[in-house]
Amino acid sequence: MTRSSAKDPEIITKIEKYVRGGGSLVMTQGFLKETWDRGIRGLTSVQPTDRTVEGEEYMIANRNYTSGDIVRGKGPVRFDVLSTKDNATWCDITVCCREFNTPVMTEEDYGAGRVFVINVPHNYADFYRFPQKVWETMAKHLSMGQKVYCSSDEKCIFTAFGGGRWGVQNYAPHTSNVRIIVRGGCSGIRNPETGEETTQTTPMPKPSRGFDCAYFIPEPEETAIDIKVGAGTWYFFELMDGDDVNI
């Protein structure tokens with residue numbers, strides 16, 4: 001849900017019903033601001049402010065994992081300052097600005113569903129300054145229910161074509177490192193155009209109750225396959241095997 005989605009006069013009623021029934025809502029801080037006085041505050045503890053901050057270091061602290069990562073981006077990025085409540089909202093991604101920090105991506109439970117807020121940079125082009133670990137964390141959450149997701153440099157796109165095939169296209173002017181992450185595990189991937197197989201896999205960390213969280217969300221086993229995609233090219237692949245998954 002972006003700021004333009006707020007034009008629907010019934011949007012809050014629709015969202016509340018959907019999330020309470022088990023759906024996942026992803027909204028930008030623009031949508032949060034536009035609907036704050038129309039009832040969205042009842043679904044989240046995240047509050048907009050009129051302040052901004054600039055930083056280039058990010059902390060990754062998913063509630064399903066006990067260890068956090070500190071990663072540096074490719075330049076400073078300006079964000080809105082968002083206020084949250086402890087023990088109500090979990091900050092999956094936080095931008096660190098010396099002794100101050102503010103959320104870039106939050107999650108929390110509502111009814112049987114989940115609510116995510118993404119803090120969009122003031123300059124949209126600054127998305128390209130995010131480090132790969134930030135993109136991986138966003139992709140993990142935004143791809144819930146999907147078999148495969150992708151972790152990559154900036155300017156790579158990931159597309160599902162159906163029929164058990166996916167593709168990665170690299171728009172960067174250089175070869176990019178891409179990590180294909182498969183839910184349910186697999187023994188490797190195959191390029192259907194060339195028949196080339198990549199069988200070197202890496203098991204991803206298993207979920208556990210992170211920090212002071214009361215519980216963790218069940219997740220399937222994840223397997224990572226690292227590949228390189230040339231500048232301006234597509235890489236198509238299919239799984240060599242794997243378990244069905246719907247998480």
# chains A, B, ... in the order shown; residues from 1 in each chain; ligands from 1

$ residues_around --residues "Glu136 (chain A)" --least-positions-apart "6" --cutoff "8 Å" --atoms "only C-alpha atoms" --output "number ranges by chain"
A: 150-152

$ write_last_selection --atoms "N, CA, C and O atoms" --output "PDB file, in the first residue's frame"
ATOM      1  N   CYS A 150      15.269 -13.963  -4.017  1.00  0.00           N
ATOM      2  CA  CYS A 150      16.590 -13.638  -4.546  1.00  0.00           C
ATOM      3  C   CYS A 150      17.261 -12.567  -3.698  1.00  0.00           C
ATOM      4  O   CYS A 150      16.619 -11.628  -3.227  1.00  0.00           O
ATOM      5  N   SER A 151      18.562 -12.721  -3.500  1.00  0.00           N
ATOM      6  CA  SER A 151      19.391 -11.708  -2.847  1.00  0.00           C
ATOM      7  C   SER A 151      20.454 -11.294  -3.852  1.00  0.00           C
ATOM      8  O   SER A 151      21.163 -12.148  -4.397  1.00  0.00           O
ATOM      9  N   SER A 152      20.570  -9.997  -4.121  1.00  0.00           N
ATOM     10  CA  SER A 152      21.481  -9.584  -5.183  1.00  0.00           C
ATOM     11  C   SER A 152      21.996  -8.177  -4.959  1.00  0.00           C
ATOM     12  O   SER A 152      21.574  -7.467  -4.044  1.00  0.00           O
TER      13      SER A 152
END

$ residues_around --residues "region 180-187 of chain A" --least-positions-apart "3" --cutoff "8 Å" --atoms "only C-alpha atoms" --output "PDB file with N, CA, C and O atoms, in the first residue's frame"
ATOM      1  N   GLN A 146       6.074 -17.871  -1.366  1.00  0.00           N
ATOM      2  CA  GLN A 146       6.722 -18.228  -2.612  1.00  0.00           C
ATOM      3  C   GLN A 146       7.839 -19.241  -2.373  1.00  0.00           C
ATOM      4  O   GLN A 146       8.464 -19.250  -1.313  1.00  0.00           O
ATOM      5  N   LYS A 147       8.111 -20.063  -3.354  1.00  0.00           N
ATOM      6  CA  LYS A 147       9.137 -21.096  -3.247  1.00  0.00           C
ATOM      7  C   LYS A 147      10.544 -20.524  -3.249  1.00  0.00           C
ATOM      8  O   LYS A 147      11.437 -21.015  -2.558  1.00  0.00           O
ATOM      9  N   VAL A 148      10.776 -19.475  -4.037  1.00  0.00           N
ATOM     10  CA  VAL A 148      12.117 -18.955  -4.274  1.00  0.00           C
ATOM     11  C   VAL A 148      12.120 -17.439  -4.104  1.00  0.00           C
ATOM     12  O   VAL A 148      11.155 -16.765  -4.462  1.00  0.00           O
ATOM     13  N   TYR A 149      13.200 -16.915  -3.534  1.00  0.00           N
ATOM     14  CA  TYR A 149      13.433 -15.475  -3.584  1.00  0.00           C
ATOM     15  C   TYR A 149      14.907 -15.225  -3.843  1.00  0.00           C
ATOM     16  O   TYR A 149      15.710 -16.163  -3.916  1.00  0.00           O
ATOM     17  N   CYS A 150      15.269 -13.963  -4.017  1.00  0.00           N
ATOM     18  CA  CYS A 150      16.590 -13.638  -4.546  1.00  0.00           C
ATOM     19  C   CYS A 150      17.261 -12.567  -3.698  1.00  0.00           C
ATOM     20  O   CYS A 150      16.619 -11.628  -3.227  1.00  0.00           O
ATOM     21  N   SER A 151      18.562 -12.721  -3.500  1.00  0.00           N
ATOM     22  CA  SER A 151      19.391 -11.708  -2.847  1.00  0.00           C
ATOM     23  C   SER A 151      20.454 -11.294  -3.852  1.00  0.00           C
ATOM     24  O   SER A 151      21.163 -12.148  -4.397  1.00  0.00           O
ATOM     25  N   THR A 199      25.429 -27.060  -8.392  1.00  0.00           N
ATOM     26  CA  THR A 199      25.075 -27.948  -7.275  1.00  0.00           C
ATOM     27  C   THR A 199      25.726 -27.561  -5.962  1.00  0.00           C
ATOM     28  O   THR A 199      25.495 -28.221  -4.952  1.00  0.00           O
ATOM     29  N   GLN A 200      26.532 -26.503  -5.958  1.00  0.00           N
ATOM     30  CA  GLN A 200      27.133 -26.056  -4.702  1.00  0.00           C
ATOM     31  C   GLN A 200      26.098 -25.234  -3.929  1.00  0.00           C
ATOM     32  O   GLN A 200      25.696 -24.157  -4.378  1.00  0.00           O
ATOM     33  N   THR A 201      25.655 -25.751  -2.815  1.00  0.00           N
ATOM     34  CA  THR A 201      24.597 -25.104  -2.040  1.00  0.00           C
ATOM     35  C   THR A 201      25.099 -24.761  -0.642  1.00  0.00           C
ATOM     36  O   THR A 201      26.051 -25.364  -0.145  1.00  0.00           O
ATOM     37  N   PRO A 220      10.210 -22.894   6.706  1.00  0.00           N
ATOM     38  CA  PRO A 220      10.828 -24.090   6.137  1.00  0.00           C
ATOM     39  C   PRO A 220      12.340 -23.932   6.064  1.00  0.00           C
ATOM     40  O   PRO A 220      12.876 -22.820   6.163  1.00  0.00           O
ATOM     41  N   GLU A 221      13.027 -25.034   5.875  1.00  0.00           N
ATOM     42  CA  GLU A 221      14.456 -25.006   5.618  1.00  0.00           C
ATOM     43  C   GLU A 221      14.736 -24.183   4.361  1.00  0.00           C
ATOM     44  O   GLU A 221      13.965 -24.208   3.405  1.00  0.00           O
ATOM     45  N   GLU A 222      15.847 -23.440   4.379  1.00  0.00           N
ATOM     46  CA  GLU A 222      16.226 -22.636   3.216  1.00  0.00           C
ATOM     47  C   GLU A 222      17.621 -23.024   2.735  1.00  0.00           C
ATOM     48  O   GLU A 222      18.526 -23.268   3.537  1.00  0.00           O
ATOM     49  N   THR A 223      17.776 -23.077   1.425  1.00  0.00           N
ATOM     50  CA  THR A 223      19.061 -23.398   0.803  1.00  0.00           C
ATOM     51  C   THR A 223      19.446 -22.278  -0.151  1.00  0.00           C
ATOM     52  O   THR A 223      18.605 -21.794  -0.914  1.00  0.00           O
ATOM     53  N   ALA A 224      20.709 -21.861  -0.127  1.00  0.00           N
ATOM     54  CA  ALA A 224      21.185 -20.786  -0.994  1.00  0.00           C
ATOM     55  C   ALA A 224      22.110 -21.336  -2.074  1.00  0.00           C
ATOM     56  O   ALA A 224      22.925 -22.229  -1.812  1.00  0.00           O
ATOM     57  N   ILE A 225      21.970 -20.808  -3.277  1.00  0.00           N
ATOM     58  CA  ILE A 225      22.854 -21.130  -4.397  1.00  0.00           C
ATOM     59  C   ILE A 225      23.397 -19.819  -4.945  1.00  0.00           C
ATOM     60  O   ILE A 225      22.618 -18.929  -5.328  1.00  0.00           O
ATOM     61  N   ASP A 226      24.714 -19.662  -4.980  1.00  0.00           N
ATOM     62  CA  ASP A 226      25.342 -18.425  -5.431  1.00  0.00           C
ATOM     63  C   ASP A 226      25.744 -18.533  -6.897  1.00  0.00           C
ATOM     64  O   ASP A 226      26.390 -19.512  -7.313  1.00  0.00           O
ATOM     65  N   ILE A 227      25.379 -17.526  -7.682  1.00  0.00           N
ATOM     66  CA  ILE A 227      25.725 -17.486  -9.096  1.00  0.00           C
ATOM     67  C   ILE A 227      26.221 -16.086  -9.455  1.00  0.00           C
ATOM     68  O   ILE A 227      26.108 -15.154  -8.657  1.00  0.00           O
ATOM     69  N   LEU A 239      14.620 -25.549 -10.549  1.00  0.00           N
ATOM     70  CA  LEU A 239      15.159 -26.340  -9.449  1.00  0.00           C
ATOM     71  C   LEU A 239      15.391 -27.769  -9.900  1.00  0.00           C
ATOM     72  O   LEU A 239      14.594 -28.343 -10.641  1.00  0.00           O
ATOM     73  N   MET A 240      16.497 -28.349  -9.430  1.00  0.00           N
ATOM     74  CA  MET A 240      16.787 -29.735  -9.764  1.00  0.00           C
ATOM     75  C   MET A 240      15.890 -30.677  -8.957  1.00  0.00           C
ATOM     76  O   MET A 240      15.547 -31.754  -9.411  1.00  0.00           O
ATOM     77  N   ASP A 241      15.570 -30.283  -7.752  1.00  0.00           N
ATOM     78  CA  ASP A 241      14.584 -30.997  -6.932  1.00  0.00           C
ATOM     79  C   ASP A 241      14.225 -30.088  -5.773  1.00  0.00           C
ATOM     80  O   ASP A 241      14.707 -28.979  -5.671  1.00  0.00           O
ATOM     81  N   GLY A 242      13.392 -30.561  -4.880  1.00  0.00           N
ATOM     82  CA  GLY A 242      12.997 -29.749  -3.719  1.00  0.00           C
ATOM     83  C   GLY A 242      11.644 -30.151  -3.214  1.00  0.00           C
ATOM     84  O   GLY A 242      10.894 -30.856  -3.875  1.00  0.00           O
ATOM     85  N   ASP A 243      11.349 -29.707  -1.997  1.00  0.00           N
ATOM     86  CA  ASP A 243      10.070 -30.021  -1.357  1.00  0.00           C
ATOM     87  C   ASP A 243       9.069 -28.911  -1.630  1.00  0.00           C
ATOM     88  O   ASP A 243       9.441 -27.737  -1.737  1.00  0.00           O
ATOM     89  N   ASP A 244       7.803 -29.272  -1.731  1.00  0.00           N
ATOM     90  CA  ASP A 244       6.758 -28.266  -1.849  1.00  0.00           C
ATOM     91  C   ASP A 244       6.692 -27.475  -0.548  1.00  0.00           C
ATOM     92  O   ASP A 244       6.871 -28.006   0.530  1.00  0.00           O
ATOM     93  N   VAL A 245       6.413 -26.191  -0.671  1.00  0.00           N
ATOM     94  CA  VAL A 245       6.363 -25.336   0.514  1.00  0.00           C
ATOM     95  C   VAL A 245       5.324 -24.248   0.293  1.00  0.00           C
ATOM     96  O   VAL A 245       5.123 -23.788  -0.814  1.00  0.00           O
TER      97      VAL A 245
END

$ residues_around --residues "Asn101 (chain A)" --least-positions-apart "6" --cutoff "10 Å" --atoms "only C-alpha atoms" --output "VMD selection string"
chain A and resid 53 to 55 57 to 59 81 to 82 94 to 95

$ residues_around --residues "Ala88 (chain A)" --least-positions-apart "5" --cutoff "9 Å" --atoms "only C-alpha atoms" --output "tab-separated table (two decimals) with N, CA, C and O atoms, in the first residue's frame"
chain	number	residue	atom	x	y	z
A	44	THR	N	-1.09	-0.69	13.88
A	44	THR	CA	0.36	-0.64	14.06
A	44	THR	C	0.72	0.36	15.14
A	44	THR	O	0.00	1.33	15.38
A	45	SER	N	1.87	0.11	15.80
A	45	SER	CA	2.38	1.08	16.77
A	45	SER	C	3.32	2.08	16.12
A	45	SER	O	3.76	3.03	16.76
A	108	GLU	N	4.89	-6.51	12.70
A	108	GLU	CA	4.16	-6.79	13.94
A	108	GLU	C	2.95	-7.65	13.61
A	108	GLU	O	2.54	-7.76	12.45
A	109	ASP	N	2.41	-8.27	14.64
A	109	ASP	CA	1.25	-9.13	14.48
A	109	ASP	C	-0.03	-8.33	14.65
A	109	ASP	O	-0.10	-7.39	15.46

$ closest_residue --among "A:Ala160, A:Arg165, A:Asp92, A:Val71" --to "Gln132 (chain A)" --atoms "only C-alpha atoms"
A:Val71

$ select_by_dssp --residues "region 104-217 of chain A" --states "strand (DSSP E)" --output "number ranges by chain"
A: 104-110, 113-118, 148-152, 156-162, 165-170, 176-183, 189-190, 197-198, 202-203

$ write_last_selection --atoms "C-alpha atoms" --output "compact mmCIF listing (two decimals), in the first residue's frame"
# COMPACT_ATOMS: atom_id res chain seq x y z
CA VAL A 104 13.60 1.08 7.60
CA MET A 105 11.34 -2.00 7.81
CA THR A 106 9.13 -3.07 10.71
CA GLU A 107 6.80 -5.98 11.36
CA GLU A 108 4.16 -6.79 13.94
CA ASP A 109 1.25 -9.13 14.48
CA TYR A 110 -2.39 -8.15 14.06
CA GLY A 113 -1.92 -11.67 10.10
CA ARG A 114 1.16 -9.45 9.98
CA VAL A 115 1.76 -5.76 9.27
CA PHE A 116 4.95 -4.40 7.66
CA VAL A 117 5.99 -0.77 7.22
CA ILE A 118 8.70 0.20 4.72
CA VAL A 148 12.12 -18.95 -4.27
CA TYR A 149 13.43 -15.47 -3.58
CA CYS A 150 16.59 -13.64 -4.55
CA SER A 151 19.39 -11.71 -2.85
CA SER A 152 21.48 -9.58 -5.18
CA CYS A 156 19.03 -6.89 -10.55
CA ILE A 157 15.41 -7.96 -11.04
CA PHE A 158 13.95 -11.33 -10.13
CA THR A 159 10.97 -12.73 -12.07
CA ALA A 160 8.84 -15.86 -11.66
CA PHE A 161 7.70 -17.23 -15.03
CA GLY A 162 5.55 -20.13 -13.80
CA ARG A 165 11.10 -21.51 -13.78
CA TRP A 166 12.54 -18.19 -12.67
CA GLY A 167 14.84 -15.54 -14.11
CA VAL A 168 17.30 -12.89 -12.93
CA GLN A 169 18.18 -9.92 -15.13
CA ASN A 170 21.16 -7.71 -14.36
CA SER A 176 26.64 -9.08 -10.21
CA ASN A 177 26.72 -11.65 -7.43
CA VAL A 178 23.27 -13.19 -7.01
CA ARG A 179 22.12 -15.54 -4.27
CA ILE A 180 19.11 -17.73 -5.12
CA ILE A 181 17.34 -18.82 -1.92
CA VAL A 182 15.01 -21.80 -2.05
CA ARG A 183 12.44 -22.56 0.63
CA ILE A 189 19.56 -25.31 -9.99
CA ARG A 190 19.68 -25.92 -13.73
CA GLU A 197 23.83 -27.31 -13.35
CA THR A 198 24.95 -25.52 -10.20
CA THR A 202 24.76 -23.37 1.34
CA PRO A 203 22.27 -24.05 4.16

$ residues_around --residues "Asn119 (chain A)" --least-positions-apart "5" --cutoff "8 Å" --atoms "only C-alpha atoms" --output "list in words"
Thr28, Gln29, Phe79, Asp80, Pro103, Val104 and Met105 of chain A

$ select_by_dssp --residues "region 41-247 of chain A" --states "helix (DSSP H, G or I)" --output "PyMOL selection string"
chain A and resi 41-42+124-129+132-142

$ write_last_selection --atoms "C-alpha atoms" --output "PDB file, in the first residue's frame"
ATOM      1  CA  ARG A  41      -3.070   3.627  13.835  1.00  0.00           C
ATOM      2  CA  GLY A  42      -5.222   0.778  15.140  1.00  0.00           C
ATOM      3  CA  TYR A 124      13.888   7.060  -4.698  1.00  0.00           C
ATOM      4  CA  ALA A 125      17.216   6.549  -6.498  1.00  0.00           C
ATOM      5  CA  ASP A 126      18.808   5.960  -3.089  1.00  0.00           C
ATOM      6  CA  PHE A 127      17.271   2.488  -3.079  1.00  0.00           C
ATOM      7  CA  TYR A 128      20.339   1.629  -5.163  1.00  0.00           C
ATOM      8  CA  ARG A 129      22.517   2.557  -2.184  1.00  0.00           C
ATOM      9  CA  GLN A 132      22.729  -6.580  -0.489  1.00  0.00           C
ATOM     10  CA  LYS A 133      21.786  -7.799   3.002  1.00  0.00           C
ATOM     11  CA  VAL A 134      19.048  -5.156   3.221  1.00  0.00           C
ATOM     12  CA  TRP A 135      17.613  -6.285  -0.127  1.00  0.00           C
ATOM     13  CA  GLU A 136      17.772  -9.913   1.015  1.00  0.00           C
ATOM     14  CA  THR A 137      15.852  -9.140   4.201  1.00  0.00           C
ATOM     15  CA  MET A 138      13.140  -7.236   2.331  1.00  0.00           C
ATOM     16  CA  ALA A 139      12.855  -9.994  -0.274  1.00  0.00           C
ATOM     17  CA  LYS A 140      12.505 -12.650   2.417  1.00  0.00           C
ATOM     18  CA  HIS A 141       9.466 -10.935   3.909  1.00  0.00           C
ATOM     19  CA  LEU A 142       7.853  -9.696   0.713  1.00  0.00           C
TER      20      LEU A 142
END

$ closest_residue --among "A:Ser143, A:Thr233, A:Thr52, A:Thr35" --to "Pro9 (chain A)" --atoms "only C-alpha atoms"
A:Thr35

$ closest_residue --among "A:Val46, A:Gly75, A:Ser4, A:Asn62" --to "Thr89 (chain A)" --atoms "only C-alpha atoms"
A:Val46

$ closest_residue --among "A:Asp69, A:Glu219, A:Glu238, A:Asp153" --to "Gly188 (chain A)" --atoms "only C-alpha atoms"
A:Glu238

$ residues_around --residues "Thr13 (chain A)" --least-positions-apart "2" --cutoff "12 Å" --atoms "only C-alpha atoms" --output "MDAnalysis selection string"
chainID A and resid 6 8:11 15:20 35 38:40 42:43

$ write_last_selection --atoms "all heavy atoms" --output "short mmCIF file (atom, residue, chain, number, x, y, z; two decimals), in the first residue's frame"
data_model
loop_
_atom_site.label_atom_id
_atom_site.label_comp_id
_atom_site.auth_asym_id
_atom_site.auth_seq_id
_atom_site.Cartn_x
_atom_site.Cartn_y
_atom_site.Cartn_z
N ALA A 6 -4.27 5.32 -0.57
CA ALA A 6 -5.12 5.96 0.44
C ALA A 6 -6.33 6.67 -0.18
O ALA A 6 -7.24 7.08 0.54
CB ALA A 6 -4.30 6.95 1.27
N ASP A 8 -8.66 5.37 -1.81
CA ASP A 8 -9.84 4.53 -1.64
C ASP A 8 -10.47 4.83 -0.28
O ASP A 8 -9.86 4.60 0.76
CB ASP A 8 -9.42 3.06 -1.71
CG ASP A 8 -10.60 2.10 -1.58
OD1 ASP A 8 -11.72 2.55 -1.24
OD2 ASP A 8 -10.40 0.89 -1.81
N PRO A 9 -11.70 5.34 -0.21
CA PRO A 9 -12.30 5.72 1.07
C PRO A 9 -12.57 4.52 1.98
O PRO A 9 -12.72 4.70 3.19
CB PRO A 9 -13.61 6.42 0.66
CG PRO A 9 -13.91 5.89 -0.70
CD PRO A 9 -12.59 5.65 -1.35
N GLU A 10 -12.62 3.31 1.42
CA GLU A 10 -12.89 2.11 2.21
C GLU A 10 -11.63 1.30 2.50
O GLU A 10 -11.72 0.17 2.99
CB GLU A 10 -13.89 1.21 1.46
CG GLU A 10 -15.21 1.89 1.11
CD GLU A 10 -15.97 2.33 2.35
OE1 GLU A 10 -15.88 1.60 3.36
OE2 GLU A 10 -16.63 3.38 2.31
N ILE A 11 -10.47 1.87 2.23
CA ILE A 11 -9.25 1.08 2.28
C ILE A 11 -8.95 0.53 3.68
O ILE A 11 -8.49 -0.61 3.83
CB ILE A 11 -8.05 1.89 1.74
CG1 ILE A 11 -6.85 0.96 1.51
CG2 ILE A 11 -7.70 3.04 2.67
CD1 ILE A 11 -7.08 -0.08 0.45
N ILE A 15 -8.47 -3.39 4.61
CA ILE A 15 -7.20 -3.86 5.15
C ILE A 15 -7.40 -4.57 6.48
O ILE A 15 -6.85 -5.65 6.73
CB ILE A 15 -6.23 -2.68 5.33
CG1 ILE A 15 -5.68 -2.24 3.98
CG2 ILE A 15 -5.08 -3.04 6.28
CD1 ILE A 15 -4.83 -0.99 4.06
N GLU A 16 -8.18 -3.97 7.35
CA GLU A 16 -8.39 -4.54 8.68
C GLU A 16 -8.98 -5.94 8.59
O GLU A 16 -8.54 -6.87 9.28
CB GLU A 16 -9.29 -3.61 9.50
CG GLU A 16 -9.25 -3.84 11.01
CD GLU A 16 -10.15 -4.97 11.46
OE1 GLU A 16 -11.09 -5.32 10.73
OE2 GLU A 16 -9.90 -5.52 12.56
N LYS A 17 -9.94 -6.13 7.73
CA LYS A 17 -10.56 -7.45 7.55
C LYS A 17 -9.58 -8.44 6.98
O LYS A 17 -9.50 -9.60 7.43
CB LYS A 17 -11.78 -7.32 6.63
CG LYS A 17 -12.51 -8.63 6.39
CD LYS A 17 -13.71 -8.42 5.47
CE LYS A 17 -14.43 -9.74 5.20
NZ LYS A 17 -15.60 -9.55 4.30
N TYR A 18 -8.80 -8.00 6.01
CA TYR A 18 -7.83 -8.88 5.34
C TYR A 18 -6.74 -9.34 6.31
O TYR A 18 -6.42 -10.53 6.39
CB TYR A 18 -7.22 -8.14 4.17
CG TYR A 18 -6.10 -8.87 3.48
CD1 TYR A 18 -6.35 -9.98 2.68
CD2 TYR A 18 -4.77 -8.45 3.63
CE1 TYR A 18 -5.31 -10.66 2.04
CE2 TYR A 18 -3.73 -9.13 3.00
CZ TYR A 18 -4.02 -10.22 2.22
OH TYR A 18 -2.99 -10.89 1.60
N VAL A 19 -6.16 -8.41 7.06
CA VAL A 19 -5.07 -8.77 7.97
C VAL A 19 -5.58 -9.58 9.15
O VAL A 19 -4.95 -10.57 9.56
CB VAL A 19 -4.33 -7.50 8.43
CG1 VAL A 19 -3.22 -7.87 9.42
CG2 VAL A 19 -3.75 -6.76 7.24
N ARG A 20 -6.70 -9.18 9.71
CA ARG A 20 -7.26 -9.93 10.84
C ARG A 20 -7.50 -11.39 10.46
O ARG A 20 -7.35 -12.30 11.28
CB ARG A 20 -8.56 -9.29 11.32
CG ARG A 20 -9.15 -9.95 12.57
CD ARG A 20 -10.43 -9.25 12.99
NE ARG A 20 -10.18 -7.90 13.47
CZ ARG A 20 -9.80 -7.63 14.71
NH1 ARG A 20 -9.62 -8.61 15.60
NH2 ARG A 20 -9.60 -6.38 15.08
N THR A 35 -3.18 7.92 6.10
CA THR A 35 -4.32 7.23 6.73
C THR A 35 -4.23 7.23 8.25
O THR A 35 -5.02 6.56 8.91
CB THR A 35 -4.40 5.78 6.22
OG1 THR A 35 -3.17 5.10 6.53
CG2 THR A 35 -4.64 5.74 4.73
N ARG A 38 -7.32 8.17 9.85
CA ARG A 38 -8.47 7.43 9.33
C ARG A 38 -8.56 6.02 9.88
O ARG A 38 -9.42 5.24 9.47
CB ARG A 38 -8.41 7.40 7.79
CG ARG A 38 -8.63 8.75 7.14
CD ARG A 38 -8.23 8.75 5.68
NE ARG A 38 -8.80 7.64 4.92
CZ ARG A 38 -8.43 7.31 3.69
NH1 ARG A 38 -7.50 8.02 3.08
NH2 ARG A 38 -8.99 6.29 3.07
N GLY A 39 -7.63 5.67 10.81
CA GLY A 39 -7.75 4.39 11.48
C GLY A 39 -6.59 3.44 11.35
O GLY A 39 -6.57 2.39 12.01
N ILE A 40 -5.57 3.76 10.53
CA ILE A 40 -4.45 2.82 10.39
C ILE A 40 -3.69 2.69 11.69
O ILE A 40 -3.04 1.67 11.95
CB ILE A 40 -3.51 3.28 9.24
CG1 ILE A 40 -2.61 2.11 8.81
CG2 ILE A 40 -2.67 4.47 9.67
CD1 ILE A 40 -3.34 0.97 8.18
N GLY A 42 -4.73 1.92 14.39
CA GLY A 42 -5.22 0.78 15.14
C GLY A 42 -4.56 -0.53 14.75
O GLY A 42 -4.72 -1.54 15.45
N LEU A 43 -3.80 -0.55 13.63
CA LEU A 43 -3.17 -1.77 13.17
C LEU A 43 -1.67 -1.81 13.45
O LEU A 43 -1.04 -2.84 13.25
CB LEU A 43 -3.38 -1.95 11.66
CG LEU A 43 -4.72 -2.52 11.21
CD1 LEU A 43 -5.82 -1.47 11.29
CD2 LEU A 43 -4.62 -3.05 9.78
#

$ residues_around --residues "Glu193 (chain A)" --least-positions-apart "4" --cutoff "10 Å" --atoms "only C-alpha atoms" --output "list in words"
Tyr235, Phe236 and Phe237 of chain A
